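Asker: Here you go, input39.cif (mmCIF, C-alpha atoms):
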```cif
data_upload
#
loop_
_atom_site.label_atom_id
_atom_site.label_comp_id
_atom_site.auth_asym_id
_atom_site.auth_seq_id
_atom_site.Cartn_x
_atom_site.Cartn_y
_atom_site.Cartn_z
CA MET A 1 90.85 96.48 105.40
CA SER A 2 89.77 98.66 108.30
CA PHE A 3 90.98 101.92 106.78
CA PHE A 4 88.13 101.84 104.28
CA LYS A 5 85.70 102.08 107.19
CA ARG A 6 86.94 105.56 108.11
CA ILE A 7 84.28 108.25 108.31
CA PHE A 8 84.78 110.75 105.50
CA SER A 9 83.36 114.27 105.45
CA SER A 10 80.06 113.56 103.69
CA GLU A 11 80.04 116.74 101.60
CA LYS A 12 83.63 116.28 100.43
CA LYS A 13 83.00 112.60 99.71
CA GLU A 14 79.86 113.33 97.66
CA THR A 15 81.83 115.78 95.52
CA LEU A 16 84.61 113.23 95.08
CA ASP A 17 82.16 110.45 94.18
CA LYS A 18 80.56 112.70 91.58
CA GLY A 19 83.93 113.91 90.25
CA LEU A 20 85.22 110.37 89.73
CA GLU A 21 81.94 109.02 88.32
CA LYS A 22 83.17 108.85 84.69
CA SER A 23 86.45 107.16 85.66
CA LYS A 24 84.67 104.67 87.91
CA SER A 25 81.96 103.79 85.37
CA SER A 26 84.49 103.28 82.59
CA PHE A 27 86.76 101.19 84.81
CA PHE A 28 83.97 98.95 86.09
CA SER A 29 82.47 98.34 82.66
CA LYS A 30 85.93 97.18 81.48
CA LEU A 31 86.49 95.13 84.65
CA THR A 32 83.11 93.43 84.29
CA LYS A 33 84.03 92.35 80.75
CA ALA A 34 87.46 91.19 81.94
CA VAL A 35 85.99 88.71 84.42
CA ALA A 36 82.84 87.74 82.48
CA GLY A 37 82.16 84.03 82.75
CA LYS A 38 85.00 83.52 85.24
CA ASN A 39 84.72 82.68 88.92
CA LYS A 40 88.42 82.33 89.65
CA VAL A 41 91.34 84.75 89.20
CA ASP A 42 93.52 82.91 86.68
CA ASP A 43 96.11 83.92 84.06
CA GLU A 44 93.46 84.95 81.57
CA VAL A 45 91.72 87.21 84.13
CA LEU A 46 95.09 88.76 85.06
CA ASP A 47 95.90 89.39 81.39
CA ASN A 48 92.51 91.04 80.94
CA LEU A 49 92.97 93.05 84.14
CA GLU A 50 96.34 94.28 82.86
CA GLU A 51 94.62 95.56 79.73
CA VAL A 52 91.91 97.26 81.81
CA LEU A 53 94.44 99.09 84.01
CA VAL A 54 96.57 100.25 81.06
CA SER A 55 93.51 101.48 79.16
CA SER A 56 92.40 103.33 82.33
CA ASP A 57 95.61 105.41 82.18
CA VAL A 58 97.23 103.79 85.20
CA GLY A 59 100.38 103.41 83.05
CA VAL A 60 102.24 100.29 81.97
CA ASP A 61 104.90 100.18 84.72
CA THR A 62 102.42 100.78 87.55
CA THR A 63 100.00 98.26 86.04
CA LEU A 64 102.71 95.59 86.04
CA LYS A 65 103.43 96.32 89.71
CA ILE A 66 99.75 95.89 90.59
CA ILE A 67 99.49 92.66 88.56
CA ASP A 68 102.62 91.28 90.29
CA ARG A 69 101.09 92.00 93.70
CA ILE A 70 97.83 90.31 92.77
CA GLU A 71 99.70 87.31 91.33
CA ALA A 72 101.54 86.98 94.64
CA ARG A 73 98.23 86.93 96.51
CA VAL A 74 96.76 84.39 94.10
CA ALA A 75 99.82 82.16 94.63
CA LYS A 76 99.52 82.49 98.40
CA ASP A 77 95.74 82.05 98.68
CA LYS A 78 95.62 79.37 95.95
CA TYR A 79 92.00 80.13 95.15
CA LEU A 80 90.78 83.68 94.75
CA GLY A 81 87.32 84.28 93.37
CA THR A 82 86.71 87.06 90.85
CA GLU A 83 84.17 88.59 93.25
CA GLU A 84 87.12 89.36 95.58
CA LEU A 85 89.08 91.12 92.83
CA ASN A 86 87.54 94.53 93.51
CA LYS A 87 88.54 94.39 97.21
CA ILE A 88 92.07 93.19 96.40
CA LEU A 89 92.56 95.95 93.83
CA ARG A 90 91.48 98.56 96.37
CA GLU A 91 93.93 97.24 98.92
CA GLU A 92 96.88 96.98 96.53
CA ILE A 93 96.35 100.43 95.01
CA ALA A 94 96.02 102.05 98.45
CA GLY A 95 99.22 100.21 99.41
CA LEU A 96 100.99 101.50 96.31
CA LEU A 97 99.94 105.09 97.07
CA SER A 98 101.19 104.66 100.65
CA GLU A 99 104.70 104.09 99.33
CA THR A 100 104.93 107.69 98.09
CA ASN A 101 103.22 109.13 101.20
CA SER A 102 100.38 110.15 98.90
CA GLY A 103 97.06 110.99 100.42
CA GLU A 104 97.91 110.97 104.11
CA GLU A 105 96.10 114.27 104.78
CA THR A 106 92.38 115.00 105.02
CA GLU A 107 92.55 118.79 105.55
CA TYR A 108 94.48 121.75 104.13
CA THR A 109 97.62 122.13 106.22
CA ILE A 110 100.94 123.95 106.09
CA PRO A 111 104.15 123.06 107.97
CA ALA A 112 104.01 124.44 111.50
CA ASN A 113 107.66 125.52 111.51
CA LYS A 114 107.61 127.47 108.21
CA LYS A 115 106.39 131.04 108.33
CA PRO A 116 105.87 132.21 105.75
CA TYR A 117 105.36 128.89 103.97
CA VAL A 118 106.49 129.46 100.36
CA LEU A 119 104.87 127.38 97.62
CA MET A 120 106.16 127.61 94.04
CA VAL A 121 103.67 126.37 91.43
CA VAL A 122 104.75 124.98 88.05
CA GLY A 123 102.91 123.43 85.11
CA VAL A 124 102.13 124.09 81.45
CA ASN A 125 99.53 126.64 80.42
CA GLY A 126 95.98 125.32 80.32
CA VAL A 127 96.27 122.64 83.02
CA GLY A 128 94.39 124.69 85.61
CA LYS A 129 97.47 126.19 87.30
CA THR A 130 96.00 129.64 87.98
CA THR A 131 92.67 128.17 89.11
CA THR A 132 94.52 125.80 91.48
CA ILE A 133 96.45 128.74 92.98
CA GLY A 134 93.23 130.70 93.43
CA LYS A 135 91.44 127.80 95.08
CA LEU A 136 94.41 127.11 97.38
CA ALA A 137 94.50 130.79 98.36
CA HIS A 138 90.78 130.56 99.15
CA GLN A 139 91.23 127.50 101.37
CA PHE A 140 94.15 128.96 103.33
CA ASN A 141 92.40 132.32 103.62
CA LYS A 142 89.29 130.53 104.92
CA GLN A 143 91.41 129.10 107.72
CA GLY A 144 92.36 132.61 108.79
CA LEU A 145 95.85 132.41 107.29
CA LYS A 146 97.31 135.50 105.63
CA VAL A 147 98.07 134.68 101.97
CA VAL A 148 100.12 136.64 99.42
CA LEU A 149 100.25 135.69 95.71
CA GLY A 150 103.06 136.43 93.26
CA ALA A 151 102.49 136.64 89.48
CA ALA A 152 105.89 135.41 88.27
CA ASP A 153 104.45 134.02 85.01
CA THR A 154 105.33 137.24 83.19
CA PHE A 155 105.49 135.59 79.77
CA ARG A 156 101.75 136.07 79.16
CA ALA A 157 99.68 139.10 80.11
CA ALA A 158 96.67 136.77 80.43
CA ALA A 159 98.39 134.83 83.21
CA ILE A 160 98.83 137.99 85.29
CA ASP A 161 95.25 139.12 84.58
CA GLN A 162 93.80 135.70 85.49
CA LEU A 163 95.69 135.65 88.77
CA GLN A 164 94.47 139.17 89.56
CA VAL A 165 90.87 138.01 89.02
CA TRP A 166 91.41 135.18 91.51
CA ALA A 167 93.22 137.44 94.01
CA ASP A 168 90.26 139.83 93.92
CA ARG A 169 87.77 136.99 94.17
CA VAL A 170 89.32 135.43 97.26
CA ASN A 171 90.42 138.77 98.72
CA VAL A 172 94.19 138.27 98.93
CA PRO A 173 96.97 140.64 97.78
CA LEU A 174 98.78 139.98 94.49
CA ILE A 175 102.31 141.19 93.80
CA LYS A 176 102.87 141.72 90.06
CA GLN A 177 104.87 143.62 87.47
CA SER A 178 104.25 144.26 83.80
CA MET A 179 104.32 141.51 81.17
CA GLY A 180 107.88 140.66 80.14
CA SER A 181 109.37 141.55 83.55
CA ASP A 182 111.97 139.29 85.12
CA PRO A 183 110.08 136.45 86.91
CA ALA A 184 112.79 136.26 89.59
CA SER A 185 112.30 139.96 90.33
CA VAL A 186 108.56 139.37 90.88
CA ALA A 187 109.31 136.42 93.17
CA PHE A 188 111.79 138.54 95.15
CA ASP A 189 109.26 141.37 95.56
CA THR A 190 106.54 138.90 96.58
CA LEU A 191 108.65 137.29 99.31
CA GLN A 192 109.77 140.67 100.62
CA SER A 193 106.17 141.87 100.69
CA GLY A 194 105.04 138.64 102.35
CA VAL A 195 107.64 138.97 105.09
CA THR A 196 106.71 142.65 105.65
CA GLN A 197 103.00 141.75 105.85
CA ASP A 198 103.72 138.86 108.25
CA ALA A 199 102.12 136.43 105.75
CA ASP A 200 101.54 132.78 106.64
CA VAL A 201 101.50 131.53 103.03
CA ILE A 202 103.14 132.85 99.86
CA ILE A 203 102.21 131.25 96.55
CA ILE A 204 104.32 131.99 93.46
CA ASP A 205 103.00 131.32 89.96
CA THR A 206 105.65 130.56 87.31
CA ALA A 207 105.76 130.38 83.52
CA GLY A 208 104.23 127.30 81.94
CA ARG A 209 106.08 126.93 78.67
CA LEU A 210 107.95 123.74 77.87
CA HIS A 211 109.18 124.39 74.34
CA ASN A 212 112.73 124.76 75.63
CA LYS A 213 113.46 122.71 78.74
CA VAL A 214 116.90 124.28 79.20
CA ASN A 215 115.42 127.78 79.39
CA LEU A 216 112.72 126.59 81.77
CA MET A 217 115.33 124.95 83.99
CA LYS A 218 117.45 128.11 84.06
CA GLU A 219 114.45 130.30 84.81
CA LEU A 220 113.13 128.14 87.66
CA THR A 221 116.62 127.80 89.14
CA LYS A 222 117.06 131.58 89.04
CA VAL A 223 113.65 132.16 90.66
CA LYS A 224 114.59 129.76 93.47
CA LYS A 225 117.99 131.39 94.05
CA VAL A 226 116.50 134.88 94.21
CA MET A 227 113.79 133.69 96.65
CA GLN A 228 116.52 132.33 98.92
CA LYS A 229 117.99 135.81 99.28
CA VAL A 230 114.85 136.70 101.23
CA ILE A 231 113.96 133.35 102.85
CA GLY A 232 116.92 130.99 103.03
CA ASP A 233 115.07 127.68 102.56
CA ALA A 234 112.44 128.86 100.05
CA PRO A 235 110.55 127.44 98.28
CA HIS A 236 109.36 124.93 100.85
CA ASP A 237 107.38 123.04 98.21
CA VAL A 238 107.28 122.95 94.42
CA LEU A 239 103.80 121.96 93.27
CA LEU A 240 103.41 120.57 89.74
CA VAL A 241 99.88 120.97 88.38
CA LEU A 242 98.82 118.35 85.81
CA ASP A 243 95.63 118.08 83.77
CA GLY A 244 94.21 114.63 84.55
CA SER A 245 92.02 114.68 81.45
CA THR A 246 95.10 114.45 79.20
CA GLY A 247 95.93 110.95 80.45
CA GLN A 248 99.29 109.82 79.13
CA ASN A 249 100.24 113.38 78.15
CA ALA A 250 100.24 114.22 81.87
CA PHE A 251 102.98 111.58 82.32
CA GLU A 252 105.05 113.35 79.65
CA GLN A 253 104.59 116.74 81.34
CA ALA A 254 105.59 115.24 84.69
CA LYS A 255 108.71 113.81 83.06
CA GLN A 256 109.67 117.19 81.56
CA PHE A 257 109.11 119.19 84.74
CA THR A 258 110.78 116.73 87.09
CA ALA A 259 113.81 116.91 84.78
CA ALA A 260 113.75 120.74 84.84
CA THR A 261 113.29 121.27 88.58
CA GLU A 262 112.82 119.42 91.84
CA VAL A 263 109.08 118.79 92.20
CA THR A 264 107.94 117.88 95.72
CA THR A 265 104.14 117.58 95.36
CA LEU A 266 101.50 117.13 92.65
CA ALA A 267 98.03 118.47 91.94
CA VAL A 268 95.96 116.58 89.36
CA THR A 269 93.08 118.67 87.98
CA LYS A 270 89.98 118.22 85.78
CA LEU A 271 89.25 114.67 86.92
CA ASP A 272 85.51 115.29 86.80
CA GLY A 273 85.37 115.70 83.01
CA THR A 274 87.24 112.53 82.12
CA ALA A 275 87.41 108.76 82.53
CA LYS A 276 91.17 108.97 83.10
CA GLY A 277 91.21 109.04 86.92
CA GLY A 278 93.70 106.17 86.94
CA VAL A 279 96.38 108.68 85.96
CA VAL A 280 96.54 109.77 89.63
CA ILE A 281 97.70 106.28 90.64
CA GLY A 282 100.25 105.93 87.83
CA ILE A 283 101.85 109.36 88.13
CA SER A 284 102.22 109.14 91.90
CA ASP A 285 103.85 105.72 91.60
CA GLN A 286 106.07 106.37 88.58
CA PHE A 287 107.53 109.64 89.79
CA GLN A 288 107.51 108.77 93.50
CA ILE A 289 106.05 112.21 94.23
CA PRO A 290 103.03 112.50 96.51
CA VAL A 291 99.74 113.74 95.09
CA LYS A 292 98.62 116.56 97.42
CA TYR A 293 95.53 117.97 95.69
CA ILE A 294 92.96 116.83 93.10
CA GLY A 295 90.48 118.90 91.11
CA VAL A 296 87.06 117.24 90.87
CA GLY A 297 84.87 120.13 89.68
CA GLU A 298 84.78 123.77 88.68
CA GLY A 299 83.46 125.16 91.98
CA ILE A 300 85.75 127.05 94.34
CA GLU A 301 85.49 124.21 96.89
CA ASP A 302 86.15 121.49 94.29
CA LEU A 303 89.93 121.41 94.73
CA GLN A 304 90.32 118.73 97.37
CA VAL A 305 93.14 117.58 99.59
CA PHE A 306 93.95 114.17 98.13
CA ASN A 307 93.30 111.33 100.53
CA LYS A 308 94.11 107.86 99.20
CA TYR A 309 91.43 106.11 101.24
CA GLU A 310 88.71 108.47 100.02
CA PHE A 311 89.99 108.30 96.44
CA VAL A 312 90.21 104.50 96.31
CA ASP A 313 86.85 104.17 98.05
CA SER A 314 85.22 106.46 95.43
CA PHE A 315 87.06 104.88 92.49
CA PHE A 316 85.95 101.37 93.48
CA LYS A 317 82.52 102.22 94.84
CA SER A 318 80.08 99.71 93.39
#
```
How does this structure look as structure tokens?

Answerer:
Amino acid sequence: MSFFKRIFSSEKKETLDKGLEKSKSSFFSKLTKAVAGKNKVDDEVLDNLEEVLVSSDVGVDTTLKIIDRIEARVAKDKYLGTEELNKILREEIAGLLSETNSGEETEYTIPANKKPYVLMVVGVNGVGKTTTIGKLAHQFNKQGLKVVLGAADTFRAAAIDQLQVWADRVNVPLIKQSMGSDPASVAFDTLQSGVTQDADVIIIDTAGRLHNKVNLMKELTKVKKVMQKVIGDAPHDVLLVLDGSTGQNAFEQAKQFTAATEVTTLAVTKLDGTAKGGVVIGISDQFQIPVKYIGVGEGIEDLQVFNKYEFVDSFFKS
């Protein structure tokens, strides 16, 4: 398909290739075994492929969708060689990601008609939430946009301190209160400050505890309502940060958070340290929420705008 011939930014693509190396190597070693001794895609190859996709953390439901699509192509083309399987998989997975509008962008962008653009970030502690906020602030700041951060995760002093470190590092203001303060109050102050400072982007961190979904739901709902007293349609996006290295556990977190609040976009982090890159495909498909960002390294530039063509090209690069 012609879209795989697009010219990617070489530096970004190199980082992505490197970040997905473990996932790709693991996937291809399994795929090679699945088609060993076969020259035609038959039922046995499809059964083996199903096992490969599930064990690569694509998820059962998404795997079945992919297998169904490949079966349909086998039925139509009558004879498909196993050497074509790689190409077909690329095409079908890119097609699947297209259905959630995942990976349409190549650069960091914000809606032109939203100023300030308010982004609320959710996710459990330890998934890379604070780091993601810091790296986003850096990217927007680099574009010459005025960014204001809000430390509304007041449940842990460490969360406020970590965000302050990032705010200092990327040279953006942070609005905070003491630990134990009302998160909604911090969000309110942040939006007011952002409006006063004529900010382009406001990013609000929120508490990452899931032990009581009802409390989480109430808290996030309250934060949203209080924000809307300052900016009527805030937040413009709710970004759920998930740790890609946890594989199936990331699915569970996505389930909990999508039940607690309306999530509009996803960031999947820590893909460089794991062979579970397939989780990006499964989560996007199962929750019908677009993946906006992926973390493929620890460097400040290693949070990338997710582009499905680049991702699939790197994942299936032989």

Asker: If the PyMOL selection byres ((chain A and resi 292) around 9) is run on the structure shown, which residues does it catch, given as a PyMOL selection string?

Answerer: chain A and resi 102-105+239+265-268+290-291+293-294+304-307

Asker: What does the distance from atom CA of Thr221 of chain A to atom CA of Gln288 of chain A come to in Å, to one decimal?

Answerer: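 Calculated distance between atom CA of Thr221 of chain A and atom CA of Gln288 of chain A is 21.5 Å.
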
Asker: Name the residues that the PyMOL selection byres ((chain A and resi 136) around 10) picks from the file above, as a PDB file with C-alpha atoms, keeping the file's coordinate frame, using the file's chain letters and numbers.

Answerer:
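Printed below is part27.pdb as written:
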```
ATOM      1  CA  TYR A 108      94.480 121.750 104.130  1.00  0.00           C
ATOM      2  CA  THR A 130      96.000 129.640  87.980  1.00  0.00           C
ATOM      3  CA  THR A 131      92.670 128.170  89.110  1.00  0.00           C
ATOM      4  CA  THR A 132      94.520 125.800  91.480  1.00  0.00           C
ATOM      5  CA  ILE A 133      96.450 128.740  92.980  1.00  0.00           C
ATOM      6  CA  GLY A 134      93.230 130.700  93.430  1.00  0.00           C
ATOM      7  CA  LYS A 135      91.440 127.800  95.080  1.00  0.00           C
ATOM      8  CA  ALA A 137      94.500 130.790  98.360  1.00  0.00           C
ATOM      9  CA  HIS A 138      90.780 130.560  99.150  1.00  0.00           C
ATOM     10  CA  GLN A 139      91.230 127.500 101.370  1.00  0.00           C
ATOM     11  CA  PHE A 140      94.150 128.960 103.330  1.00  0.00           C
ATOM     12  CA  ASN A 141      92.400 132.320 103.620  1.00  0.00           C
ATOM     13  CA  LYS A 142      89.290 130.530 104.920  1.00  0.00           C
ATOM     14  CA  VAL A 147      98.070 134.680 101.970  1.00  0.00           C
ATOM     15  CA  VAL A 170      89.320 135.430  97.260  1.00  0.00           C
ATOM     16  CA  ILE A 203     102.210 131.250  96.550  1.00  0.00           C
ATOM     17  CA  TYR A 293      95.530 117.970  95.690  1.00  0.00           C
ATOM     18  CA  ILE A 300      85.750 127.050  94.340  1.00  0.00           C
ATOM     19  CA  GLU A 301      85.490 124.210  96.890  1.00  0.00           C
ATOM     20  CA  LEU A 303      89.930 121.410  94.730  1.00  0.00           C
ATOM     21  CA  GLN A 304      90.320 118.730  97.370  1.00  0.00           C
ATOM     22  CA  VAL A 305      93.140 117.580  99.590  1.00  0.00           C
TER      23      VAL A 305
END
```

Asker: Can you pull out every residue within 10 Å of Leu240 of chain A, counting only C-alpha atoms, but drop anything in the same chain fewer than 6 positions away, and send it as JSON, numbers by chain?

Answerer: {"A": [120, 121, 122, 123, 124, 129, 253, 254, 257, 258, 261, 262, 263, 264, 265, 266, 267, 268, 289, 291, 292]}

Asker: Got a sec: who's within 12 Å of segment 274-278 of chain A, counting only C-alpha atoms, leaving out chain neighbours fewer than 3 positions off, as a ChimeraX atom specification?

Answerer: /A:16-30,52-60,62-63,93,97,243-251,268-271,281-285,294-297,311-312,314-316

Asker: Please save C-alpha atoms of the selected residues as an mmCIF file, keeping the file's coordinate frame.

Answerer:
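selection-v2.cif, freshly written:
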```
data_model
loop_
_atom_site.group_PDB
_atom_site.id
_atom_site.type_symbol
_atom_site.label_atom_id
_atom_site.label_comp_id
_atom_site.auth_asym_id
_atom_site.auth_seq_id
_atom_site.Cartn_x
_atom_site.Cartn_y
_atom_site.Cartn_z
ATOM 1 C CA LEU A 16 84.610 113.230 95.080
ATOM 2 C CA ASP A 17 82.160 110.450 94.180
ATOM 3 C CA LYS A 18 80.560 112.700 91.580
ATOM 4 C CA GLY A 19 83.930 113.910 90.250
ATOM 5 C CA LEU A 20 85.220 110.370 89.730
ATOM 6 C CA GLU A 21 81.940 109.020 88.320
ATOM 7 C CA LYS A 22 83.170 108.850 84.690
ATOM 8 C CA SER A 23 86.450 107.160 85.660
ATOM 9 C CA LYS A 24 84.670 104.670 87.910
ATOM 10 C CA SER A 25 81.960 103.790 85.370
ATOM 11 C CA SER A 26 84.490 103.280 82.590
ATOM 12 C CA PHE A 27 86.760 101.190 84.810
ATOM 13 C CA PHE A 28 83.970 98.950 86.090
ATOM 14 C CA SER A 29 82.470 98.340 82.660
ATOM 15 C CA LYS A 30 85.930 97.180 81.480
ATOM 16 C CA VAL A 52 91.910 97.260 81.810
ATOM 17 C CA LEU A 53 94.440 99.090 84.010
ATOM 18 C CA VAL A 54 96.570 100.250 81.060
ATOM 19 C CA SER A 55 93.510 101.480 79.160
ATOM 20 C CA SER A 56 92.400 103.330 82.330
ATOM 21 C CA ASP A 57 95.610 105.410 82.180
ATOM 22 C CA VAL A 58 97.230 103.790 85.200
ATOM 23 C CA GLY A 59 100.380 103.410 83.050
ATOM 24 C CA VAL A 60 102.240 100.290 81.970
ATOM 25 C CA THR A 62 102.420 100.780 87.550
ATOM 26 C CA THR A 63 100.000 98.260 86.040
ATOM 27 C CA ILE A 93 96.350 100.430 95.010
ATOM 28 C CA LEU A 97 99.940 105.090 97.070
ATOM 29 C CA ASP A 243 95.630 118.080 83.770
ATOM 30 C CA GLY A 244 94.210 114.630 84.550
ATOM 31 C CA SER A 245 92.020 114.680 81.450
ATOM 32 C CA THR A 246 95.100 114.450 79.200
ATOM 33 C CA GLY A 247 95.930 110.950 80.450
ATOM 34 C CA GLN A 248 99.290 109.820 79.130
ATOM 35 C CA ASN A 249 100.240 113.380 78.150
ATOM 36 C CA ALA A 250 100.240 114.220 81.870
ATOM 37 C CA PHE A 251 102.980 111.580 82.320
ATOM 38 C CA VAL A 268 95.960 116.580 89.360
ATOM 39 C CA THR A 269 93.080 118.670 87.980
ATOM 40 C CA LYS A 270 89.980 118.220 85.780
ATOM 41 C CA LEU A 271 89.250 114.670 86.920
ATOM 42 C CA ILE A 281 97.700 106.280 90.640
ATOM 43 C CA GLY A 282 100.250 105.930 87.830
ATOM 44 C CA ILE A 283 101.850 109.360 88.130
ATOM 45 C CA SER A 284 102.220 109.140 91.900
ATOM 46 C CA ASP A 285 103.850 105.720 91.600
ATOM 47 C CA ILE A 294 92.960 116.830 93.100
ATOM 48 C CA GLY A 295 90.480 118.900 91.110
ATOM 49 C CA VAL A 296 87.060 117.240 90.870
ATOM 50 C CA GLY A 297 84.870 120.130 89.680
ATOM 51 C CA PHE A 311 89.990 108.300 96.440
ATOM 52 C CA VAL A 312 90.210 104.500 96.310
ATOM 53 C CA SER A 314 85.220 106.460 95.430
ATOM 54 C CA PHE A 315 87.060 104.880 92.490
ATOM 55 C CA PHE A 316 85.950 101.370 93.480
#
```

Asker: Extract, using all atoms listed in the file, all DNA, RNA and protein residues at most 9 Å from segment 149-154 of chain A, discarding same-chain residues fewer than 6 positions from it, and format them as a ChimeraX atom specification.

Answerer: /A:133-134,137,160,163-164,167,172-187,189-191,194,201-208,223

Asker: Would you list the residues near (84.5, 88.4, 83.6) (no more than 12 Å away, in the coordinates of the file, using only C-alpha atoms) as a PyMOL selection string?

Answerer: chain A and resi 28-42+44-49+52+81-83+85

Asker: Using C-alpha atoms, can you write the selected residues to a file as an mmCIF file, in the coordinates of the input?

Answerer:
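Wrote it out as selection-v9.cif, contents follow:
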```cif
data_model
loop_
_atom_site.group_PDB
_atom_site.id
_atom_site.type_symbol
_atom_site.label_atom_id
_atom_site.label_comp_id
_atom_site.auth_asym_id
_atom_site.auth_seq_id
_atom_site.Cartn_x
_atom_site.Cartn_y
_atom_site.Cartn_z
ATOM 1 C CA PHE A 28 83.970 98.950 86.090
ATOM 2 C CA SER A 29 82.470 98.340 82.660
ATOM 3 C CA LYS A 30 85.930 97.180 81.480
ATOM 4 C CA LEU A 31 86.490 95.130 84.650
ATOM 5 C CA THR A 32 83.110 93.430 84.290
ATOM 6 C CA LYS A 33 84.030 92.350 80.750
ATOM 7 C CA ALA A 34 87.460 91.190 81.940
ATOM 8 C CA VAL A 35 85.990 88.710 84.420
ATOM 9 C CA ALA A 36 82.840 87.740 82.480
ATOM 10 C CA GLY A 37 82.160 84.030 82.750
ATOM 11 C CA LYS A 38 85.000 83.520 85.240
ATOM 12 C CA ASN A 39 84.720 82.680 88.920
ATOM 13 C CA LYS A 40 88.420 82.330 89.650
ATOM 14 C CA VAL A 41 91.340 84.750 89.200
ATOM 15 C CA ASP A 42 93.520 82.910 86.680
ATOM 16 C CA GLU A 44 93.460 84.950 81.570
ATOM 17 C CA VAL A 45 91.720 87.210 84.130
ATOM 18 C CA LEU A 46 95.090 88.760 85.060
ATOM 19 C CA ASP A 47 95.900 89.390 81.390
ATOM 20 C CA ASN A 48 92.510 91.040 80.940
ATOM 21 C CA LEU A 49 92.970 93.050 84.140
ATOM 22 C CA VAL A 52 91.910 97.260 81.810
ATOM 23 C CA GLY A 81 87.320 84.280 93.370
ATOM 24 C CA THR A 82 86.710 87.060 90.850
ATOM 25 C CA GLU A 83 84.170 88.590 93.250
ATOM 26 C CA LEU A 85 89.080 91.120 92.830
#
```

Asker: Between A:Val241, A:Ile88, A:Leu145, A:Val230, single out the one closest to Phe188 of chain A, counting all atoms listed in the file.

Answerer: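 Among A:Val241, A:Ile88, A:Leu145, A:Val230, it is A:Val230 that comes nearest to Phe188 of chain A.
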
Asker: Using Å and a single decimal, report how far atom CA of Arg156 of chain A sits from atom CA of Gly232 of chain A.

Answerer: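 Separation of atom CA of Gly232 of chain A and atom CA of Arg156 of chain A: 28.7 Å.
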
Asker: What gap, in Å, lies between atom CA of Gln143 of chain A and atom CA of Tyr309 of chain A?

Answerer: 23.9 Å

Asker: Out of A:Gly273, A:Gly299, A:Gly95, A:Pro235, which residue has the shortest atom-to-atom distance to Tyr117 of chain A when counting only C-alpha atoms?

Answerer: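 Once distances to Tyr117 of chain A are computed over only C-alpha atoms, the minimum belongs to A:Pro235.
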
Asker: Edge lengths and centre in Å to one decimal, as lines of an AutoDock Vina configuration file, of the axis-aligned box that encloses all listed atoms of segment 181-186 of chain A with 5 Å added on every side?

Answerer:
```
center_x = 110.7
center_y = 138.9
center_z = 87.2
size_x = 14.2
size_y = 15.3
size_z = 17.3
```

Asker: Select, from A:Ser98, A:Thr106, A:Asp302, A:Asp168, the residue with the minimum atom-to-atom distance to Asp272 of chain A, counting only C-alpha atoms.

Answerer: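 Result for the nearest residue to Asp272 of chain A: A:Asp302.
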
Asker: Nearest residue to Ile110 of chain A out of A:Asp200, A:Lys225, A:Phe287, A:Leu242, using only C-alpha atoms?

Answerer: A:Asp200

Asker: Which one of A:Glu84, A:Glu91, A:Asp233, A:Asp61 sits closest to Lys114 of chain A if you count all atoms listed in the file?

Answerer: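 So, comparing all the options, the nearest one is A:Asp233.
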